[in-house]
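J.: My structure is stored as final-v1.csv, with CSV, N, CA and C atoms.
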chain,number,residue,atom,x,y,z
R,1,MET,N,0.8,-1.2,0.0
R,1,MET,CA,0.0,0.0,0.0
R,1,MET,C,0.9,1.2,0.0
R,2,THR,N,0.6,2.2,-0.8
R,2,THR,CA,1.4,3.4,-0.9
R,2,THR,C,1.0,4.4,0.2
R,3,CYS,N,1.8,5.4,0.3
R,3,CYS,CA,1.5,6.4,1.3
R,3,CYS,C,0.2,7.1,1.0
R,4,ALA,N,0.0,7.4,-0.3
R,4,ALA,CA,-1.3,8.0,-0.8
R,4,ALA,C,-2.5,7.2,-0.4
R,5,GLU,N,-2.4,5.9,-0.5
R,5,GLU,CA,-3.5,5.0,-0.2
R,5,GLU,C,-3.7,5.0,1.3
R,6,ASN,N,-2.7,5.1,2.1
R,6,ASN,CA,-2.8,5.2,3.6
R,6,ASN,C,-3.5,6.5,3.9
R,7,ASP,N,-3.1,7.6,3.3
R,7,ASP,CA,-3.8,8.9,3.6
R,7,ASP,C,-5.3,8.8,3.2
R,8,ALA,N,-5.6,8.2,2.1
R,8,ALA,CA,-7.0,8.1,1.7
R,8,ALA,C,-7.8,7.3,2.7
R,9,GLU,N,-7.3,6.3,3.3
R,9,GLU,CA,-8.0,5.6,4.3
R,9,GLU,C,-8.4,6.4,5.5
R,10,GLU,N,-7.6,7.4,5.8
R,10,GLU,CA,-7.8,8.2,7.0
R,10,GLU,C,-8.8,9.4,6.7
R,11,LEU,N,-9.2,9.6,5.5
R,11,LEU,CA,-10.1,10.7,5.2
R,11,LEU,C,-11.6,10.4,5.3
R,12,ILE,N,-12.3,11.3,5.7
R,12,ILE,CA,-13.8,11.2,5.7
R,12,ILE,C,-14.3,12.2,4.7
R,13,ALA,N,-15.2,11.7,3.9
R,13,ALA,CA,-15.9,12.6,2.9
R,13,ALA,C,-17.1,13.3,3.5
R,14,VAL,N,-17.2,14.6,3.4
R,14,VAL,CA,-18.3,15.3,4.0
R,14,VAL,C,-19.0,16.0,2.8
R,15,ASN,N,-20.3,15.7,2.7
R,15,ASN,CA,-21.2,16.3,1.7
R,15,ASN,C,-22.2,17.1,2.5
R,16,TYR,N,-22.4,18.3,2.1
R,16,TYR,CA,-23.4,19.2,2.7
R,16,TYR,C,-24.7,19.1,2.0
R,17,SER,N,-25.8,19.3,2.7
R,17,SER,CA,-27.1,19.1,2.2
R,17,SER,C,-27.4,20.2,1.1
R,18,HIS,N,-26.7,21.4,1.2
R,18,HIS,CA,-27.0,22.4,0.3
R,18,HIS,C,-26.2,22.3,-1.1
R,19,GLY,N,-25.5,21.2,-1.2
R,19,GLY,CA,-24.8,20.9,-2.4
R,19,GLY,C,-23.3,21.4,-2.3
R,20,GLY,N,-22.7,21.5,-3.4
R,20,GLY,CA,-21.3,22.0,-3.4
R,20,GLY,C,-20.4,20.8,-3.5
R,21,PRO,N,-19.1,21.1,-3.5
R,21,PRO,CA,-18.1,20.0,-3.6
R,21,PRO,C,-18.0,19.1,-2.3
R,22,THR,N,-17.5,17.9,-2.5
R,22,THR,CA,-17.3,17.1,-1.3
R,22,THR,C,-16.0,17.6,-0.6
R,23,TYR,N,-16.1,17.6,0.7
R,23,TYR,CA,-15.0,18.1,1.5
R,23,TYR,C,-14.4,17.0,2.3
R,24,TYR,N,-13.1,16.8,2.3
R,24,TYR,CA,-12.4,15.7,3.0
R,24,TYR,C,-11.7,16.2,4.2
R,25,VAL,N,-11.8,15.5,5.3
R,25,VAL,CA,-11.1,15.8,6.5
R,25,VAL,C,-10.5,14.5,7.1
R,26,LYS,N,-9.5,14.6,7.9
R,26,LYS,CA,-8.8,13.4,8.5
R,26,LYS,C,-9.7,12.8,9.5
R,27,GLU,N,-9.8,11.5,9.5
R,27,GLU,CA,-10.6,10.8,10.5
R,27,GLU,C,-10.1,11.0,12.0
R,28,ASN,N,-8.7,11.0,12.1
R,28,ASN,CA,-8.1,11.1,13.4
R,28,ASN,C,-7.2,12.4,13.3
R,29,PRO,N,-7.8,13.5,13.6
R,29,PRO,CA,-7.1,14.8,13.4
R,29,PRO,C,-6.0,14.9,14.5
R,30,SER,N,-4.8,15.4,14.1
R,30,SER,CA,-3.8,15.5,15.1
R,30,SER,C,-3.2,17.0,15.2
R,31,THR,N,-3.4,17.8,14.2
R,31,THR,CA,-2.9,19.1,14.2
R,31,THR,C,-4.0,20.1,14.5
R,32,LEU,N,-3.7,21.3,14.8
R,32,LEU,CA,-4.7,22.3,15.1
R,32,LEU,C,-5.6,22.5,13.9
R,33,GLY,N,-5.1,22.6,12.7
R,33,GLY,CA,-5.9,22.8,11.5
R,33,GLY,C,-6.8,21.6,11.3
R,34,GLU,N,-6.3,20.4,11.4
R,34,GLU,CA,-7.1,19.2,11.2
R,34,GLU,C,-8.2,19.1,12.2
R,35,ARG,N,-8.0,19.5,13.5
R,35,ARG,CA,-9.0,19.4,14.5
R,35,ARG,C,-10.1,20.5,14.2
R,36,VAL,N,-9.7,21.7,13.8
R,36,VAL,CA,-10.7,22.7,13.5
R,36,VAL,C,-11.5,22.2,12.3
R,37,ALA,N,-10.9,21.7,11.2
R,37,ALA,CA,-11.6,21.2,10.1
R,37,ALA,C,-12.6,20.1,10.4
R,38,TYR,N,-12.1,19.1,11.2
R,38,TYR,CA,-12.9,18.0,11.6
R,38,TYR,C,-14.2,18.4,12.3
R,39,VAL,N,-14.0,19.1,13.4
R,39,VAL,CA,-15.2,19.5,14.2
R,39,VAL,C,-16.2,20.4,13.3
R,40,ARG,N,-15.6,21.3,12.6
R,40,ARG,CA,-16.4,22.2,11.8
R,40,ARG,C,-17.2,21.5,10.7
R,41,ALA,N,-16.5,20.6,10.0
R,41,ALA,CA,-17.2,19.9,8.9
R,41,ALA,C,-18.0,18.7,9.3
R,42,VAL,N,-17.4,17.9,10.2
R,42,VAL,CA,-18.1,16.6,10.5
R,42,VAL,C,-19.1,16.7,11.6
R,43,ASN,N,-18.7,17.4,12.7
R,43,ASN,CA,-19.6,17.5,13.9
R,43,ASN,C,-20.7,18.6,13.7
R,44,LEU,N,-20.2,19.8,13.3
R,44,LEU,CA,-21.1,20.9,13.2
R,44,LEU,C,-21.7,21.1,11.8
R,45,ARG,N,-21.0,20.6,10.8
R,45,ARG,CA,-21.5,20.7,9.4
R,45,ARG,C,-21.8,22.1,9.0
R,46,ILE,N,-20.8,23.0,9.4
R,46,ILE,CA,-20.9,24.4,9.0
R,46,ILE,C,-19.8,24.8,8.1
R,47,SER,N,-19.9,25.9,7.4
R,47,SER,CA,-18.9,26.3,6.5
R,47,SER,C,-17.8,27.1,7.2
R,48,ARG,N,-16.7,27.3,6.5
R,48,ARG,CA,-15.6,28.1,7.1
R,48,ARG,C,-16.1,29.5,7.4
R,49,LEU,N,-16.9,30.0,6.5
R,49,LEU,CA,-17.4,31.4,6.7
R,49,LEU,C,-18.3,31.4,8.0
R,50,GLN,N,-19.1,30.4,8.2
R,50,GLN,CA,-19.9,30.4,9.4
R,50,GLN,C,-19.1,30.3,10.7
R,51,LEU,N,-18.1,29.5,10.6
R,51,LEU,CA,-17.2,29.4,11.8
R,51,LEU,C,-16.5,30.7,12.0
R,52,ALA,N,-16.0,31.3,11.0
R,52,ALA,CA,-15.3,32.6,11.1
R,52,ALA,C,-16.2,33.7,11.7
R,53,LYS,N,-17.5,33.7,11.3
R,53,LYS,CA,-18.4,34.7,11.9
R,53,LYS,C,-18.6,34.4,13.3
R,54,HIS,N,-18.8,33.1,13.7
R,54,HIS,CA,-19.1,32.8,15.1
R,54,HIS,C,-17.9,33.1,16.0
R,55,ALA,N,-16.7,33.0,15.4
R,55,ALA,CA,-15.4,33.2,16.2
R,55,ALA,C,-15.0,34.6,16.1
R,56,GLY,N,-15.6,35.5,15.3
R,56,GLY,CA,-15.2,36.8,15.1
R,56,GLY,C,-13.8,37.0,14.3
R,57,LEU,N,-13.6,36.1,13.4
R,57,LEU,CA,-12.4,36.1,12.6
R,57,LEU,C,-12.8,36.2,11.1
R,58,CYS,N,-11.8,36.5,10.3
R,58,CYS,CA,-12.1,36.5,8.9
R,58,CYS,C,-12.0,35.1,8.3
R,59,GLU,N,-12.8,34.8,7.2
R,59,GLU,CA,-12.8,33.5,6.6
R,59,GLU,C,-11.4,33.0,6.2
R,60,ARG,N,-10.6,34.0,5.7
R,60,ARG,CA,-9.2,33.6,5.2
R,60,ARG,C,-8.4,33.1,6.4
R,61,THR,N,-8.6,33.6,7.6
R,61,THR,CA,-7.8,33.1,8.7
R,61,THR,C,-8.2,31.6,9.0
R,62,VAL,N,-9.5,31.3,9.0
R,62,VAL,CA,-10.0,29.9,9.2
R,62,VAL,C,-9.4,29.0,8.1
R,63,ILE,N,-9.4,29.5,6.9
R,63,ILE,CA,-8.9,28.7,5.8
R,63,ILE,C,-7.4,28.4,6.0
R,64,ARG,N,-6.6,29.4,6.4
R,64,ARG,CA,-5.2,29.3,6.6
R,64,ARG,C,-4.9,28.3,7.8
R,65,ILE,N,-5.8,28.4,8.8
R,65,ILE,CA,-5.6,27.5,10.0
R,65,ILE,C,-5.8,26.0,9.5
R,66,GLU,N,-6.9,25.8,8.8
R,66,GLU,CA,-7.2,24.5,8.4
R,66,GLU,C,-6.2,23.9,7.4
R,67,GLN,N,-5.6,24.8,6.6
R,67,GLN,CA,-4.5,24.3,5.7
R,67,GLN,C,-3.2,24.1,6.4
R,68,GLY,N,-3.1,24.5,7.6
R,68,GLY,CA,-1.8,24.3,8.4
R,68,GLY,C,-0.9,25.4,8.2
R,69,LYS,N,-1.3,26.5,7.5
R,69,LYS,CA,-0.4,27.7,7.3
R,69,LYS,C,-0.3,28.5,8.6
R,70,VAL,N,-1.3,28.4,9.5
R,70,VAL,CA,-1.3,29.1,10.7
R,70,VAL,C,-1.2,28.0,11.8
R,71,THR,N,-0.2,28.0,12.6
R,71,THR,CA,0.0,26.9,13.6
R,71,THR,C,0.0,27.5,15.0
R,72,LYS,N,0.1,28.8,15.1
R,72,LYS,CA,0.1,29.5,16.4
R,72,LYS,C,-0.9,30.6,16.4
R,73,LEU,N,-1.7,30.6,17.4
R,73,LEU,CA,-2.8,31.7,17.5
R,73,LEU,C,-2.6,32.4,18.8
R,74,LEU,N,-3.0,33.7,18.8
R,74,LEU,CA,-3.1,34.4,20.0
R,74,LEU,C,-4.2,33.8,20.9
R,75,LEU,N,-4.1,33.9,22.2
R,75,LEU,CA,-5.1,33.2,23.1
R,75,LEU,C,-6.5,33.7,22.8
R,76,PRO,N,-6.8,34.9,22.6
R,76,PRO,CA,-8.2,35.3,22.3
R,76,PRO,C,-8.8,34.6,21.1
R,77,SER,N,-8.0,34.5,20.0
R,77,SER,CA,-8.4,33.9,18.8
R,77,SER,C,-8.7,32.4,19.0
R,78,ALA,N,-7.7,31.7,19.7
R,78,ALA,CA,-7.8,30.3,20.0
R,78,ALA,C,-9.1,30.0,20.9
R,79,LEU,N,-9.3,30.9,21.9
R,79,LEU,CA,-10.5,30.7,22.7
R,79,LEU,C,-11.8,30.9,21.9
R,80,ALA,N,-11.8,31.9,21.0
R,80,ALA,CA,-13.0,32.1,20.2
R,80,ALA,C,-13.3,31.0,19.3
R,81,ILE,N,-12.3,30.4,18.7
R,81,ILE,CA,-12.5,29.2,17.8
R,81,ILE,C,-13.0,28.0,18.7
R,82,ALA,N,-12.3,27.8,19.8
R,82,ALA,CA,-12.8,26.7,20.7
R,82,ALA,C,-14.2,26.8,21.1
R,83,GLU,N,-14.6,28.0,21.5
R,83,GLU,CA,-16.0,28.3,21.9
R,83,GLU,C,-16.9,28.1,20.7
R,84,ALA,N,-16.6,28.6,19.6
R,84,ALA,CA,-17.4,28.5,18.4
R,84,ALA,C,-17.6,27.0,18.0
R,85,LEU,N,-16.6,26.2,18.2
R,85,LEU,CA,-16.7,24.8,17.8
R,85,LEU,C,-17.3,24.0,19.0
R,86,GLY,N,-17.3,24.5,20.2
R,86,GLY,CA,-17.9,23.8,21.3
R,86,GLY,C,-16.9,22.7,21.8
R,87,VAL,N,-15.6,23.0,21.7
R,87,VAL,CA,-14.6,22.1,22.2
R,87,VAL,C,-13.7,22.8,23.3
R,88,SER,N,-12.9,22.0,24.0
R,88,SER,CA,-12.0,22.7,25.0
R,88,SER,C,-10.8,23.2,24.3
R,89,LEU,N,-10.2,24.2,24.8
R,89,LEU,CA,-8.9,24.7,24.3
R,89,LEU,C,-7.8,23.6,24.4
R,90,ASP,N,-7.8,22.8,25.4
R,90,ASP,CA,-6.8,21.8,25.6
R,90,ASP,C,-7.0,20.8,24.4
R,91,TRP,N,-8.2,20.4,24.0
R,91,TRP,CA,-8.4,19.5,22.9
R,91,TRP,C,-8.0,20.1,21.6
R,92,LEU,N,-8.4,21.3,21.4
R,92,LEU,CA,-8.0,22.0,20.2
R,92,LEU,C,-6.5,22.1,20.0
R,93,CYS,N,-5.8,22.3,21.0
R,93,CYS,CA,-4.3,22.5,21.0
R,93,CYS,C,-3.6,21.1,21.0
R,94,GLY,N,-4.4,20.0,21.2
R,94,GLY,CA,-3.7,18.7,21.2
R,94,GLY,C,-3.2,18.3,22.5
R,95,ARG,N,-3.6,18.9,23.6
R,95,ARG,CA,-3.1,18.6,24.9
R,95,ARG,C,-3.8,17.4,25.5
R,96,ILE,N,-5.1,17.2,25.1
R,96,ILE,CA,-5.9,16.0,25.6
R,96,ILE,C,-6.6,15.4,24.4
R,97,ASP,N,-7.0,14.1,24.5
R,97,ASP,CA,-7.7,13.5,23.4
R,97,ASP,C,-9.2,13.7,23.6
R,98,GLU,N,-10.0,13.1,22.8
R,98,GLU,CA,-11.5,13.3,22.9
R,98,GLU,C,-12.0,12.8,24.2
R,99,SER,N,-11.4,11.8,24.8
R,99,SER,CA,-11.9,11.3,26.1
R,99,SER,C,-11.5,12.1,27.3
R,100,GLY,N,-10.6,13.1,27.0
R,100,GLY,CA,-10.2,14.0,28.1
R,100,GLY,C,-8.8,13.5,28.7
R,101,ASP,N,-8.2,12.5,28.2
R,101,ASP,CA,-7.0,12.0,28.7
R,101,ASP,C,-5.8,12.8,28.2
R,102,ASN,N,-4.8,13.0,29.0
R,102,ASN,CA,-3.6,13.8,28.5
R,102,ASN,C,-2.9,13.0,27.4
R,103,ILE,N,-2.4,13.8,26.5
R,103,ILE,CA,-1.6,13.2,25.4
R,103,ILE,C,-0.1,13.4,25.7
R,104,ASP,N,0.6,12.3,25.8
R,104,ASP,CA,2.0,12.4,26.1
R,104,ASP,C,2.9,12.0,25.0
Do you think you could lay out the structure here as structure tokens?
T.:
Amino acid sequence: MTCAENDAEELIAVNYSHGGPTYYVKENPSTLGERVAYVRAVNLRISRLQLAKHAGLCERTVIRIEQGKVTKLLLPSALAIAEALGVSLDWLCGRIDESGDNID
């Protein structure tokens, strides 16, 4: 199995009821951007623009976070995203897993 095939197995296809292209996110998100994309697309099923509005950020910032181009956030922005997604800041930053256990 190639690396590309491994990556494909980890992806979840997300289709929105309003149509548009299929969006793919990692099934086991490990980075800040992957976690933001996963919760936004899979759990909440909202657009990047909707998340940006809820968090008080611009859509371009959310896009850059999800693409991994922004890896460090100021605390107010990180808190706003966590609150908008309904997740803890510790989970969003990768300090704990979904069950609340510390990640070492």
J.: Can you work out which one of R:Val70, R:Ala55, R:Thr61, R:Ala84 has the shortest atom-to-atom distance to Arg40 of chain R, counting all atoms listed in the file?
T.: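 Among R:Val70, R:Ala55, R:Thr61, R:Ala84, it is R:Ala84 that comes nearest to Arg40 of chain R.
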J.: Give me the residues near Ser30 of chain R as a list in words, where near means some atom within 10 Å (using only C-alpha atoms) and where sequence neighbours in that chain fewer than 6 positions away do not count.
T.: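 The neighbour list is Trp91, Leu92, Cys93, Gly94 and Asp97 of chain R.
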J.: I'd like the neighbourhood of Val87 of chain R as a list in words, where a residue qualifies if any of its atoms comes within 12 Å (using only C-alpha atoms), though same-chain residues fewer than 2 positions away should be ignored.
T.: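 Here the answer would be Arg35, Val36, Tyr38, Val39, Arg40, Asn43, Leu44, Ala78, Leu79, Ala80, Ile81, Ala82, Glu83, Ala84, Leu85, Leu89, Asp90, Trp91, Leu92, Cys93, Gly94, Ile96, Asp97, Glu98, Ser99 and Gly100 of chain R.
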J.: Please indicate the distance in Å from atom N of Leu49 of chain R to atom CA of Thr71 of chain R, rounded to one decimal place.
T.: 18.6 Å
J.: Could you check the closest approach to Ser77 of chain R for each of R:Gly56, R:Ile63, R:Ile46, R:Asn28 and tell me which residue wins, using only N, CA and C atoms?
T.: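 The shortest atom-to-atom distance to Ser77 of chain R comes from R:Gly56.
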J.: State, in Å with one decimal place, the distance from atom CA of Gly68 of chain R to atom CA of Leu32 of chain R.
T.: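 Going from atom CA of Gly68 of chain R over to atom CA of Leu32 of chain R covers 7.6 Å.
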J.: In Å, rounded to a single decimal, give me how far atom CA of Ala41 of chain R is from atom N of Glu66 of chain R.
T.: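 Spanning atom N of Glu66 of chain R to atom CA of Ala41 of chain R is a straight-line distance of 11.9 Å.
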J.: Of the candidates R:Pro29, R:Ile12, R:Thr22, R:Ala37, which shows the shortest atom-to-atom distance to Ile65 of chain R, using only N, CA and C atoms?
T.: R:Ala37
J.: Taking only all heavy atoms, show segment 50-62 of chain R of the given structure as a compact mmCIF listing (two decimals), in the first residue's frame.
T.:
# COMPACT_ATOMS: atom_id res chain seq x y z
N GLN R 50 -19.12 30.45 8.19
CA GLN R 50 -19.95 30.43 9.39
C GLN R 50 -19.09 30.34 10.65
O GLN R 50 -19.35 31.03 11.63
CB GLN R 50 -20.93 29.26 9.34
CG GLN R 50 -22.03 29.45 8.31
CD GLN R 50 -22.84 28.19 8.12
OE1 GLN R 50 -22.30 27.10 7.91
NE2 GLN R 50 -24.16 28.33 8.19
N LEU R 51 -18.06 29.49 10.62
CA LEU R 51 -17.17 29.40 11.77
C LEU R 51 -16.48 30.73 12.01
O LEU R 51 -16.39 31.20 13.15
CB LEU R 51 -16.13 28.30 11.57
CG LEU R 51 -15.03 28.23 12.64
CD1 LEU R 51 -15.62 28.02 14.03
CD2 LEU R 51 -14.02 27.15 12.30
N ALA R 52 -15.99 31.34 10.95
CA ALA R 52 -15.30 32.62 11.08
C ALA R 52 -16.21 33.67 11.73
O ALA R 52 -15.79 34.39 12.64
CB ALA R 52 -14.83 33.10 9.71
N LYS R 53 -17.46 33.74 11.29
CA LYS R 53 -18.40 34.70 11.87
C LYS R 53 -18.64 34.42 13.34
O LYS R 53 -18.67 35.34 14.16
CB LYS R 53 -19.71 34.68 11.09
CG LYS R 53 -19.62 35.34 9.75
CD LYS R 53 -20.96 35.34 9.02
CE LYS R 53 -20.85 36.04 7.70
NZ LYS R 53 -22.14 36.06 6.97
N HIS R 54 -18.83 33.14 13.71
CA HIS R 54 -19.07 32.78 15.11
C HIS R 54 -17.87 33.09 15.99
O HIS R 54 -18.03 33.45 17.16
CB HIS R 54 -19.42 31.30 15.25
CG HIS R 54 -20.76 30.92 14.70
ND1 HIS R 54 -21.89 31.66 14.92
CD2 HIS R 54 -21.14 29.86 13.96
CE1 HIS R 54 -22.92 31.08 14.32
NE2 HIS R 54 -22.49 29.99 13.72
N ALA R 55 -16.67 32.98 15.43
CA ALA R 55 -15.45 33.21 16.20
C ALA R 55 -14.95 34.64 16.11
O ALA R 55 -13.99 35.01 16.78
CB ALA R 55 -14.36 32.25 15.72
N GLY R 56 -15.58 35.45 15.27
CA GLY R 56 -15.15 36.84 15.11
C GLY R 56 -13.84 36.99 14.35
O GLY R 56 -13.06 37.90 14.59
N LEU R 57 -13.62 36.07 13.41
CA LEU R 57 -12.40 36.08 12.59
C LEU R 57 -12.79 36.24 11.14
O LEU R 57 -13.96 36.12 10.78
CB LEU R 57 -11.63 34.77 12.77
CG LEU R 57 -11.21 34.41 14.18
CD1 LEU R 57 -10.69 32.99 14.22
CD2 LEU R 57 -10.17 35.39 14.68
N CYS R 58 -11.82 36.47 10.29
CA CYS R 58 -12.12 36.50 8.86
C CYS R 58 -12.02 35.07 8.31
O CYS R 58 -11.31 34.22 8.86
CB CYS R 58 -11.22 37.47 8.10
SG CYS R 58 -9.51 36.99 8.01
N GLU R 59 -12.75 34.81 7.24
CA GLU R 59 -12.78 33.48 6.65
C GLU R 59 -11.38 33.05 6.21
O GLU R 59 -11.01 31.88 6.35
CB GLU R 59 -13.74 33.45 5.45
CG GLU R 59 -13.85 32.09 4.82
CD GLU R 59 -14.78 32.08 3.61
OE1 GLU R 59 -15.07 33.16 3.05
OE2 GLU R 59 -15.21 30.98 3.23
N ARG R 60 -10.60 33.97 5.70
CA ARG R 60 -9.24 33.64 5.24
C ARG R 60 -8.39 33.08 6.38
O ARG R 60 -7.59 32.17 6.17
CB ARG R 60 -8.58 34.89 4.64
CG ARG R 60 -7.23 34.62 4.06
CD ARG R 60 -7.34 33.85 2.75
NE ARG R 60 -6.03 33.41 2.35
CZ ARG R 60 -5.73 32.18 1.93
NH1 ARG R 60 -6.68 31.28 1.82
NH2 ARG R 60 -4.52 31.87 1.61
N THR R 61 -8.59 33.59 7.59
CA THR R 61 -7.85 33.07 8.74
C THR R 61 -8.23 31.63 9.02
O THR R 61 -7.36 30.78 9.26
CB THR R 61 -8.11 33.95 9.99
OG1 THR R 61 -7.67 35.28 9.71
CG2 THR R 61 -7.39 33.41 11.20
N VAL R 62 -9.51 31.33 8.97
CA VAL R 62 -9.96 29.94 9.19
C VAL R 62 -9.39 29.03 8.11
O VAL R 62 -8.91 27.93 8.40
CB VAL R 62 -11.51 29.86 9.24
CG1 VAL R 62 -11.98 28.41 9.26
CG2 VAL R 62 -12.04 30.63 10.43
